[in-house]
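*Asks:* Below you will find the structure I want to go over with you.
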Amino acid sequence: MSTRILIIDDEANIRRMVGALLKSEGFEVAEAANGNAGLLALPDAKPDLILLDLMMPPGPDGLATLEKIRTTDADIPVIMMSGKAQLSDAVRAVQSGAFQFLEKPLAPESLLVAVRSAETLVRTQAENRALKAQLAPQPKLIGTSPQMDLVRQAIDQVATTEARVLILGDSGTGKELVANAIHRQSPRANGPFVSVNCAAIPRDLVESEMFGHEKGSFTGATARRIGRFEVADGGTLFLDEIGDLQLEAQAKLLRVLESGEIQRIGAERTLKVDIRVLAATNRRLEEAVAEGSFREDLYFRLNVFPIEIPPLRARIGDLPELVGHLAARLRPRRPPHFTPAALEALARHAWPGNIRELGNIVERLLIIGGDEVTADLVPRVLTNLPETPTAVPERRDVVATDDTRSLNERLDGYERDQIAGALTTADGNVAEAARLLQTDRGNLYRRMRRLGIRGGTE
C-alpha cells in the first residue's frame, strides 16, 4: 500500500506541481487549499504524511493548523513549507512537532529526501507498534480437553478469513479471549483490537459511543468524539453482549455492516471504515429473534461462523491447568501448591460463573491458604459444595477417597478408557475413533502417544 500524502497550501500551482512530482514517485496525494480545509480532509484522506504551508491568509496559518493536527494525531509527520519564514518561525514549527522545515521554492531533490525520511519514520513507528504488540504478554486459551481443542480448531479455520464470527457461551467462559485469538491470527493482527461491551453503554449514548459525534451536535457534546468503529479502522471490532443492544441501535449497526460507512452525530458526511466485526453473547439469539427483541437480518449478518465455548462444568478436566495458570498469574514469583484433594473439591462445584468465578475463588484461596491450598480450605470459600462420598479429613499422608491416585492420574485414566473404547468401537480405525470422540486424527494420535496407547490403523 503506497504512502498517502496530504498537501495543505493556499497556492494552487504549488499543490499541482508538488502533487505531480509525488504521484510520479508512486505516492497517493490529496490536496487542501487552507488549514480549515486540511483539518476537515483528515478523516477521509487518512494521510501518512502532511506537507503544510506556513503562510495561508486569512488563516489559520500553518502553525495553528499544526497544533490542531497534533490534538488528533500526535505521531503523523508534518513537513512545513514557506518562502517568507524567519528562523524563529522554523524553531517554533519544530517545537510544535514539525518533522522538518523546507524553504520555497522547493527543490525536487530536497523535497523527496524529506518525504522519504518521513516515510521511513512512519514505517519504523508501525514496526515498533507491531513488535510491542508481539512482545506484550498475550492472553491465551487454557485447557487441553477435547472441547477446547474444537474451539481452537474453529479459531484456526476462521481467523485468516474476513468472515464475521458470533461467539456463544455462558458469562465468564472467555468469549473475549476467543475474539482476541481470532484477531491475533488474522491478517489484521497489526491493526487495533477494539472491544465494546454493548450491555454497559447507556441507551441514549450508544450511537455516540459507536459512531462518534461532532462538537455541539447535542447538549453536552463539548468536543468532537471519535467512535469505536472509527478507532477500529484497519483492525477488529469486538461487540460483546450484542444481544443486549436495543432495536434502534441494531438497525444502525446493520446499516454500517451493509455499507461499510459510518456517520458521526452532527456530521454532514459519511466516513468509510475497514473493520472486521466479531460479536459475542450469552443469550440464545434465535430465541430473541422469535421474541422480536433481536433483528433477524442482523442475526444472519453476524452469525456467519458461530463458535460456542463450553462452560467450565463441561470441561472440568481442564480445572487443574486453569487453577495453576490463575495462581501463577496472581503469584508469579512463588506460585502456591494446590493439593490433589483441594483440586478434587473444586471440581465438585458447578461453576455457574465459569472461569471468571474460578479466578475469584483461586484468589480468595491464595489469601487464606498461603503457599499451600488444602481441601479443608475450599468449603470456606465455596459453601454449596455437594457432600463427598467419604468424610475422611485430609492429612499430609491420607487423601479423602479410597483411590490413592492423584487427580491428574485419574483424569488420564478416564481419558485412556474413553480412547480405548472408541478404538474398540471403530475396530482400531483411528480416523473413525477421532470422529466418535469429536476431535481430529492428529490430536487423537498425540493423546494416544502421551497416554502410552499403542495400535490403531489408518
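Residue names in the C-alpha cells use chain letters A, B, ... in the order shown, residue numbers from 1 in each chain, and ligand numbers from 1 in the order shown.
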Which of region 134-360 of chain A end up as strand (DSSP E or B) when DSSP is run on this backbone - answer as number ranges by chain?
*Replies:* A: 165-168, 193-197, 212-213, 225-226, 236-240, 261-262, 265, 271-272, 276-281, 305-308, 337-338
*Asks:* If you take only C-alpha atoms and a cut-off of 12 Å, which residues of region 208-230 of chain A touch region 184-195 of chain A, and what are their nearest atom pairs and distances in Å to one decimal, in chain and number order, as CSV?
*Replies:*
residue,atom,partner,partner_atom,distance
A:Glu209,CA,A:Ser195,CA,11.7
A:Met210,CA,A:Ser195,CA,10.9
A:Gly227,CA,A:Val194,CA,10.6
A:Arg228,CA,A:Val194,CA,7.0
A:Phe229,CA,A:Val194,CA,8.4
A:Glu230,CA,A:Val194,CA,10.0
*Asks:* Identify which of the residues A:Val430, A:Ile355, A:Ile242, A:Ala267 lies closest to Arg313 (chain A), counting only C-alpha atoms when measuring atom-to-atom distances.
*Replies:* A:Ile355
*Asks:* Could you pull the residues within 6 Å of region 50-55 of chain A, counting only C-alpha atoms, minus those fewer than 6 positions along the same chain, as a short mmCIF file (atom, residue, chain, number, x, y, z; two decimals) with N, CA and C atoms, in the first residue's frame?
*Replies:*
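That gives us result_31.cif:
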data_model
loop_
_atom_site.label_atom_id
_atom_site.label_comp_id
_atom_site.auth_asym_id
_atom_site.auth_seq_id
_atom_site.Cartn_x
_atom_site.Cartn_y
_atom_site.Cartn_z
N ILE A 5 -0.19 11.14 1.11
CA ILE A 5 0.33 12.45 1.49
C ILE A 5 -0.75 13.51 1.26
N LEU A 6 -0.97 14.35 2.27
CA LEU A 6 -1.93 15.46 2.16
C LEU A 6 -1.13 16.76 2.03
N ILE A 7 -1.39 17.51 0.95
CA ILE A 7 -0.73 18.81 0.73
C ILE A 7 -1.71 19.91 1.12
N ILE A 8 -1.32 20.72 2.11
CA ILE A 8 -2.16 21.84 2.55
C ILE A 8 -1.42 23.13 2.19
N ASP A 9 -1.91 23.81 1.17
CA ASP A 9 -1.23 25.03 0.69
C ASP A 9 -2.26 25.88 -0.03
N ASP A 61 -3.05 29.96 10.11
CA ASP A 61 -1.77 29.73 9.46
C ASP A 61 -1.28 28.31 9.74
N GLY A 62 -0.09 28.02 9.21
CA GLY A 62 0.43 26.67 9.33
C GLY A 62 0.68 26.22 10.76
N VAL A 78 4.74 15.91 9.91
CA VAL A 78 4.30 17.12 9.19
C VAL A 78 5.53 17.88 8.74
N ILE A 79 5.65 18.09 7.43
CA ILE A 79 6.75 18.86 6.85
C ILE A 79 6.23 20.25 6.55
N MET A 80 6.80 21.27 7.20
CA MET A 80 6.37 22.66 6.99
C MET A 80 7.10 23.25 5.79
N MET A 81 6.41 24.15 5.07
CA MET A 81 6.99 24.80 3.88
C MET A 81 6.71 26.30 3.95
N SER A 82 7.68 27.12 3.54
CA SER A 82 7.45 28.57 3.49
C SER A 82 8.55 29.26 2.70
#
*Asks:* Which polymer residues have any atom within 10 Å of an atom of region 16-27 of chain A, counting only C-alpha atoms, with same-chain residues fewer than 3 positions away left out, as number ranges by chain?
*Replies:* A: 1-7, 11-13, 30-31, 51, 106, 108, 111-112, 115
*Asks:* Would you list the contacts of Ala288 (chain A) as a VMD selection string, taking every protein, DNA or RNA residue within 10 Å and counting only C-alpha atoms, but skipping same-chain residues closer than 6 positions in sequence?
*Replies:* chain A and resid 243 294 to 296 299
*Asks:* Given the selection you just returned, output its residues as a file containing N, CA and C atoms, formatted as a PDB file, in the first residue's frame.
*Replies:*
ATOM      1  N   GLY A 243     -26.433  -9.222  22.288  1.00  0.00           N
ATOM      2  CA  GLY A 243     -27.850  -9.491  22.499  1.00  0.00           C
ATOM      3  C   GLY A 243     -28.545  -8.441  23.337  1.00  0.00           C
ATOM      4  N   PHE A 294     -34.610  -9.094  18.855  1.00  0.00           N
ATOM      5  CA  PHE A 294     -33.376  -9.012  18.071  1.00  0.00           C
ATOM      6  C   PHE A 294     -33.719  -9.174  16.599  1.00  0.00           C
ATOM      7  N   ARG A 295     -33.132  -8.303  15.781  1.00  0.00           N
ATOM      8  CA  ARG A 295     -33.456  -8.294  14.357  1.00  0.00           C
ATOM      9  C   ARG A 295     -32.930  -9.564  13.677  1.00  0.00           C
ATOM     10  N   GLU A 296     -33.781 -10.200  12.898  1.00  0.00           N
ATOM     11  CA  GLU A 296     -33.382 -11.419  12.212  1.00  0.00           C
ATOM     12  C   GLU A 296     -32.301 -11.148  11.171  1.00  0.00           C
ATOM     13  N   TYR A 299     -29.027 -10.741  12.855  1.00  0.00           N
ATOM     14  CA  TYR A 299     -28.586 -12.054  13.346  1.00  0.00           C
ATOM     15  C   TYR A 299     -27.871 -12.824  12.244  1.00  0.00           C
TER      16      TYR A 299
END
*Asks:* Find the residue from A:Gly452, A:Gly266, A:Gly317, A:Gly174 that sits nearest to Tyr414 (chain A); use only C-alpha atoms when measuring.
*Replies:*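 For Tyr414 (chain A), the nearest of the given residues is A:Gly317.
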